[in-house]
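Asks: Structure in structure tokens, see below.
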Amino acid sequence: MLDADFFRRWMTATAVSVEHEAERLTALDSPIGDADHGSNLERGFRAVTAALEKDGPDTPGAVLTLAGRTLISTVGGASGPLYGTLLRRTGKALGEAAEIDEREFAQALRTGVDAVMQLGGAAPGDKTMIDALLPAVDALGQSFAAARSAAEEGALATTPLQARKGRASYLGERSIGHQDPGATSSAILIAALAETAGE
Amino acid sequence: MKMLINVAETVVADALRGMAAAHPELTVDVENRVIVRRDAPVDGKVGLVSGGGSGHEPLHGGFVGPGMLSAACPGEVFTSPVPDQMVRAAAAVDSGAGVLFIVKNYTGDVLNFDMAAELAEDEGIQIAKVLVDDDVAVTDSLYTAGRRGTGATLFVEKIAGAAAEEGRPLERVEALARQVNENARSFGVALSACSTPAKGSPTFDLPAGELELGVGIHGEPGRERRAMMTSREIADFSVNAVLEDLNPRNPVLVLVNGMGATPLLELYGFNAEVQRILADRGVPVARTLVGNYVTSLDMAGASVTLCQVDEDLLRLWDAPVRTAGLRWGM
């Protein structure tokens, strides 16, 4: 069973990974975006860690809802609303239970991913975070480790795609050959989840 | 890349402190990043709020004041502001007559303003939105996020601002803003890439002998790269791209806009070429504005925006305005 502490540790682990990978994310964002994905997410997850310490939410749903709200309030750009919505809607779907099982979490995360797709209007293959998140949610039924592998493969598989959403879409064919920074940060989020679960 | 900054993290806050010191007629909330005209909310007047990433100065903070925007929200460099800033701005300028959000068509700006509109409406503020998408360099909107909002933002903010100042109601101001956007088209070129403070080096590699045609305002590469051209050739390419999409029957407003690092000497020379083409094509010019208005940090280059106007729009364009970046008639 997963409790509030598990989700707090997930968010902290994500913040650590994002800080660690910020330069790589920014480098990926440079040829097809505007070179700020790493610094924007770093600012957001730092704020998430601070908010969780200050408010001490005591259910899994409350942890993720607060994390999502904090991202919306601090990140800006497209990644603020998209990551914020992912976590906030996942948190809302978890309700007020003090503990949840892995199957319930997988369902809630799917709700969150659906909300991101609706908000951003992106479909699989558009070269966005969805290309990492959707395979991860599908694999979450097996294990956290499977979700991590699926997200990482999904992120790598964005390289040959042509972007159809966000700023990279303005490059047309020139977006081909670059790994999508949003899919990459999504893979980092899922990797931190597996790490938190000890897988 | 040498920059006149302290550290990248405080660039926006430092600029806001300096802006506050230079413009006592503005209320600048440095911590929450909202710039508001000092006399807001003005009784009975529709509020106009815009915002977007920093790095495009004077857009948008430089266009806050009587006759134009009521408030602006600057985000991080090239990053949309967050909904909290927009809600704060809306609350500061709403007199009960409602607030118009002027949003450039970039995914981040659109998503954050959408969220802000919901939150502001929860607080009882009536919100209308207009999306600016004037960039003809983006041709196939089925496969992109749609046309970008660039130079026409200035026309929308000025004309809608004048209409709000006259006391027109929210739905009329919104309709006018849409009308301006529908009649405006832009095309931009880059002679050099720009450098964001966070990265500290050019955002893309543009060799000395080449230029990018069809750029937006975020240092993103454009639609096509070619060997460097003369001012005349660039003007031909740019104005033709605009006129392919806009066939003006009425006179036009012309904005020859610098991207930040191109001197006025070059911009005026470029404008001479733009005016020559318009004259050759029989397009009457009502007014022309030349300068750095919608910039892209230290990018060299220029954009051309044409906006077809009727008598009402032209009168609103000529109406008095007093902002840091645009000022006439008062």
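Chain lettering (A, B, ...) mirrors the order of the structure tokens, residue numbering begins at 1 for each chain separately, and ligand numbering begins at 1 in order of display.
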Enumerate as JSON, numbers by chain all residues of segment 114-307 of chain B assigned to strand (DSSP E) by DSSP on the backbone, naming them with the chain letters and numbers the document uses.
Replies: {"B": [127, 128, 129, 130, 131, 132, 184, 185, 186, 187, 188, 189, 190, 210, 211, 212, 213, 224, 225, 226, 227, 252, 253, 254, 255, 256, 257, 258, 285, 286, 287, 288, 289, 290, 291, 301, 302, 303, 304, 305, 306, 307]}
Asks: Could you work out which residues of chain B fall inside 9 Å of chain A? Count only C-alpha atoms, and format the result as a VMD selection string.
Replies: chain B and resid 52 to 53 75 to 85 106 to 112 115 137 to 138 142 to 148 196 198 to 199 203 to 205 216 218 to 223
Asks: Just want the 8 Å neighbourhood of Asn183 of chain B, counted on only C-alpha atoms, with same-chain residues fewer than 6 positions away dropped. Output as a list in words.
Replies: Leu246, Cys307, Gln308 and Val309 of chain B
Asks: Could the residues in this selection be saved with all heavy atoms as a tab-separated table (two decimals), in the first residue's frame?
Replies:
```tsv
chain	number	residue	atom	x	y	z
B	246	LEU	N	-3.10	38.64	-46.95
B	246	LEU	CA	-3.96	39.78	-46.61
B	246	LEU	C	-4.05	40.65	-47.86
B	246	LEU	O	-3.04	41.11	-48.37
B	246	LEU	CB	-3.34	40.58	-45.45
B	246	LEU	CG	-4.09	41.82	-44.99
B	246	LEU	CD1	-5.31	41.43	-44.16
B	246	LEU	CD2	-3.18	42.72	-44.16
B	307	CYS	N	-1.80	46.16	-40.86
B	307	CYS	CA	-3.14	46.01	-40.30
B	307	CYS	C	-4.09	46.91	-41.08
B	307	CYS	O	-3.94	48.14	-41.10
B	307	CYS	CB	-3.14	46.41	-38.82
B	307	CYS	SG	-4.77	46.31	-38.06
B	308	GLN	N	-5.05	46.26	-41.74
B	308	GLN	CA	-6.03	47.01	-42.52
B	308	GLN	C	-7.01	47.69	-41.57
B	308	GLN	O	-7.55	47.05	-40.66
B	308	GLN	CB	-6.76	46.03	-43.43
B	308	GLN	CG	-7.91	46.62	-44.19
B	308	GLN	CD	-8.49	45.62	-45.18
B	308	GLN	OE1	-8.58	45.91	-46.35
B	308	GLN	NE2	-8.88	44.46	-44.72
B	309	VAL	N	-7.24	49.00	-41.79
B	309	VAL	CA	-8.11	49.73	-40.86
B	309	VAL	C	-9.24	50.47	-41.57
B	309	VAL	O	-9.08	50.94	-42.70
B	309	VAL	CB	-7.30	50.76	-40.02
B	309	VAL	CG1	-6.42	50.05	-39.02
B	309	VAL	CG2	-6.47	51.69	-40.90
```
Asks: Have a look at B:Leu313, B:Tyr268, B:Asp236, B:Gly301 and name the one nearest to Arg281 of chain B; count only C-alpha atoms.
Replies: B:Asp236
Asks: Set the distance at 10 Å and use only C-alpha atoms: which residues neighbour Gly329 of chain B once local chain neighbours fewer than 6 positions away are removed? I'd like the list as a PyMOL selection string.
Replies: chain B and resi 318-322
Asks: Only C-alpha atoms, please: the residues just picked out, written as a compact mmCIF listing (two decimals), in the first residue's frame.
Replies:
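Ended up saving to part-v6.txt:
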```
# COMPACT_ATOMS: atom_id res chain seq x y z
CA ASP B 318 -4.70 57.99 -33.38
CA ALA B 319 -6.32 58.42 -29.95
CA PRO B 320 -4.02 59.68 -27.18
CA VAL B 321 -1.81 57.15 -25.42
CA ARG B 322 0.65 57.54 -22.55
```
Asks: Take atom CA of Gly51 of chain B and atom CA of Ala72 of chain B and report the distance between them in Å, one decimal.
Replies: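 Calculated distance between atom CA of Gly51 of chain B and atom CA of Ala72 of chain B is 5.1 Å.
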Asks: Which residues, written as a ChimeraX atom specification, have at least one atom at most 12 Å from Thr262 of chain B, with only C-alpha atoms counted and residues fewer than 4 positions away on the same chain left out?
Replies: /B:189-192,194,256-258,266-270,290-293,295-303
Asks: Find the residue from A:Ala194, A:Ala62, A:Val16, A:Leu161 that sits nearest to Ala145 of chain A; use only C-alpha atoms when measuring.
Replies: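 Checking each candidate against Ala145 of chain A, we get A:Ala194 as the closest.
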Asks: Suppose you want the space between atom CA of Gly124 of chain B and atom CA of Gly44 of chain A; what is it in Å?
Replies: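 Separation between atom CA of Gly124 of chain B and atom CA of Gly44 of chain A: 28.5 Å.
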Asks: Please, what distance in Å, to one decimal, runs between atom CA of Gly67 of chain B and atom CA of Glu165 of chain B?
Replies: 5.8 Å
Asks: For Trp317 of chain B, which residue out of B:Glu157, B:Glu25, B:Glu9, B:Asp94 is the nearest one, using only C-alpha atoms?
Replies: B:Glu157
Asks: Write out as a PyMOL selection string the set of residues from segment 147-183 of chain A that DSSP, computed on the backbone, places in helix (DSSP H, G or I).
Replies: chain A and resi 147-156+167-175+181-183
Asks: Would you kindly return, as a list in words, each protein, DNA or RNA residue with an atom no farther than 9 Å from any atom of Ala98 of chain A, considering only C-alpha atoms and excluding same-chain residues fewer than 6 positions away?
Replies: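 The neighbour list is Leu2, Asp3, Ala4, Asp58, Thr59, Pro60 and Gly61 of chain A.
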Asks: For Thr65 of chain A, work out the shell of residues within 9 Å, counting only C-alpha atoms and skipping chain neighbours fewer than 5 positions away, then give it as a PyMOL selection string.
Replies: chain A and resi 60+70+84-85+87-92
Asks: May I have the selected residues written with all heavy atoms, as a PDB file, in the first residue's frame?
Replies:
```pdb
ATOM      1  N   PRO A  60      -2.341  10.700   0.145  1.00  0.00           N
ATOM      2  CA  PRO A  60      -1.713  10.696  -1.189  1.00  0.00           C
ATOM      3  C   PRO A  60      -2.355  11.729  -2.118  1.00  0.00           C
ATOM      4  O   PRO A  60      -1.648  12.463  -2.829  1.00  0.00           O
ATOM      5  CB  PRO A  60      -1.984   9.277  -1.692  1.00  0.00           C
ATOM      6  CG  PRO A  60      -2.068   8.445  -0.446  1.00  0.00           C
ATOM      7  CD  PRO A  60      -2.736   9.343   0.574  1.00  0.00           C
ATOM      8  N   THR A  70       1.048  23.844  -6.985  1.00  0.00           N
ATOM      9  CA  THR A  70       2.295  24.597  -6.841  1.00  0.00           C
ATOM     10  C   THR A  70       2.989  24.754  -8.196  1.00  0.00           C
ATOM     11  O   THR A  70       3.505  25.827  -8.516  1.00  0.00           O
ATOM     12  CB  THR A  70       3.232  23.891  -5.840  1.00  0.00           C
ATOM     13  OG1 THR A  70       2.512  23.721  -4.617  1.00  0.00           O
ATOM     14  CG2 THR A  70       4.480  24.697  -5.581  1.00  0.00           C
ATOM     15  N   GLY A  84       1.296  20.545 -13.918  1.00  0.00           N
ATOM     16  CA  GLY A  84       0.411  20.865 -12.798  1.00  0.00           C
ATOM     17  C   GLY A  84      -0.897  20.102 -12.901  1.00  0.00           C
ATOM     18  O   GLY A  84      -1.385  19.528 -11.924  1.00  0.00           O
ATOM     19  N   THR A  85      -1.459  20.077 -14.098  1.00  0.00           N
ATOM     20  CA  THR A  85      -2.715  19.359 -14.316  1.00  0.00           C
ATOM     21  C   THR A  85      -2.518  17.861 -14.119  1.00  0.00           C
ATOM     22  O   THR A  85      -3.365  17.176 -13.518  1.00  0.00           O
ATOM     23  CB  THR A  85      -3.253  19.662 -15.730  1.00  0.00           C
ATOM     24  OG1 THR A  85      -3.585  21.055 -15.781  1.00  0.00           O
ATOM     25  CG2 THR A  85      -4.479  18.834 -16.064  1.00  0.00           C
ATOM     26  N   LEU A  87      -0.480  16.226 -12.121  1.00  0.00           N
ATOM     27  CA  LEU A  87      -0.425  15.845 -10.704  1.00  0.00           C
ATOM     28  C   LEU A  87      -1.709  16.213  -9.967  1.00  0.00           C
ATOM     29  O   LEU A  87      -2.192  15.451  -9.113  1.00  0.00           O
ATOM     30  CB  LEU A  87       0.789  16.504 -10.038  1.00  0.00           C
ATOM     31  CG  LEU A  87       2.151  16.066 -10.591  1.00  0.00           C
ATOM     32  CD1 LEU A  87       3.283  16.752  -9.843  1.00  0.00           C
ATOM     33  CD2 LEU A  87       2.315  14.544 -10.503  1.00  0.00           C
ATOM     34  N   ARG A  88      -2.275  17.365 -10.292  1.00  0.00           N
ATOM     35  CA  ARG A  88      -3.482  17.804  -9.595  1.00  0.00           C
ATOM     36  C   ARG A  88      -4.657  16.864  -9.882  1.00  0.00           C
ATOM     37  O   ARG A  88      -5.378  16.449  -8.976  1.00  0.00           O
ATOM     38  CB  ARG A  88      -3.848  19.236 -10.020  1.00  0.00           C
ATOM     39  CG  ARG A  88      -4.723  19.982  -9.026  1.00  0.00           C
ATOM     40  CD  ARG A  88      -4.933  21.423  -9.468  1.00  0.00           C
ATOM     41  NE  ARG A  88      -5.769  21.496 -10.646  1.00  0.00           N
ATOM     42  CZ  ARG A  88      -7.107  21.539 -10.612  1.00  0.00           C
ATOM     43  NH1 ARG A  88      -7.738  21.547  -9.465  1.00  0.00           N
ATOM     44  NH2 ARG A  88      -7.806  21.568 -11.727  1.00  0.00           N
ATOM     45  N   ARG A  89      -4.805  16.488 -11.149  1.00  0.00           N
ATOM     46  CA  ARG A  89      -5.935  15.622 -11.504  1.00  0.00           C
ATOM     47  C   ARG A  89      -5.708  14.197 -11.012  1.00  0.00           C
ATOM     48  O   ARG A  89      -6.670  13.503 -10.642  1.00  0.00           O
ATOM     49  CB  ARG A  89      -6.170  15.655 -13.014  1.00  0.00           C
ATOM     50  CG  ARG A  89      -6.671  17.013 -13.483  1.00  0.00           C
ATOM     51  CD  ARG A  89      -8.050  17.335 -12.936  1.00  0.00           C
ATOM     52  NE  ARG A  89      -9.050  16.505 -13.565  1.00  0.00           N
ATOM     53  CZ  ARG A  89      -9.667  16.817 -14.705  1.00  0.00           C
ATOM     54  NH1 ARG A  89      -9.415  17.958 -15.301  1.00  0.00           N
ATOM     55  NH2 ARG A  89     -10.545  15.991 -15.235  1.00  0.00           N
ATOM     56  N   THR A  90      -4.448  13.751 -10.988  1.00  0.00           N
ATOM     57  CA  THR A  90      -4.155  12.442 -10.401  1.00  0.00           C
ATOM     58  C   THR A  90      -4.506  12.469  -8.920  1.00  0.00           C
ATOM     59  O   THR A  90      -5.151  11.555  -8.395  1.00  0.00           O
ATOM     60  CB  THR A  90      -2.663  12.085 -10.603  1.00  0.00           C
ATOM     61  OG1 THR A  90      -2.364  12.108 -11.995  1.00  0.00           O
ATOM     62  CG2 THR A  90      -2.344  10.703 -10.040  1.00  0.00           C
ATOM     63  N   GLY A  91      -4.102  13.545  -8.248  1.00  0.00           N
ATOM     64  CA  GLY A  91      -4.392  13.701  -6.817  1.00  0.00           C
ATOM     65  C   GLY A  91      -5.883  13.730  -6.538  1.00  0.00           C
ATOM     66  O   GLY A  91      -6.382  13.067  -5.615  1.00  0.00           O
ATOM     67  N   LYS A  92      -6.618  14.485  -7.353  1.00  0.00           N
ATOM     68  CA  LYS A  92      -8.082  14.569  -7.176  1.00  0.00           C
ATOM     69  C   LYS A  92      -8.709  13.182  -7.336  1.00  0.00           C
ATOM     70  O   LYS A  92      -9.622  12.823  -6.590  1.00  0.00           O
ATOM     71  CB  LYS A  92      -8.689  15.517  -8.210  1.00  0.00           C
ATOM     72  CG  LYS A  92      -8.321  16.965  -7.990  1.00  0.00           C
ATOM     73  CD  LYS A  92      -9.436  17.701  -7.273  1.00  0.00           C
ATOM     74  CE  LYS A  92      -9.000  19.138  -6.971  1.00  0.00           C
ATOM     75  NZ  LYS A  92      -9.466  19.594  -5.665  1.00  0.00           N
TER      76      LYS A  92
END
```
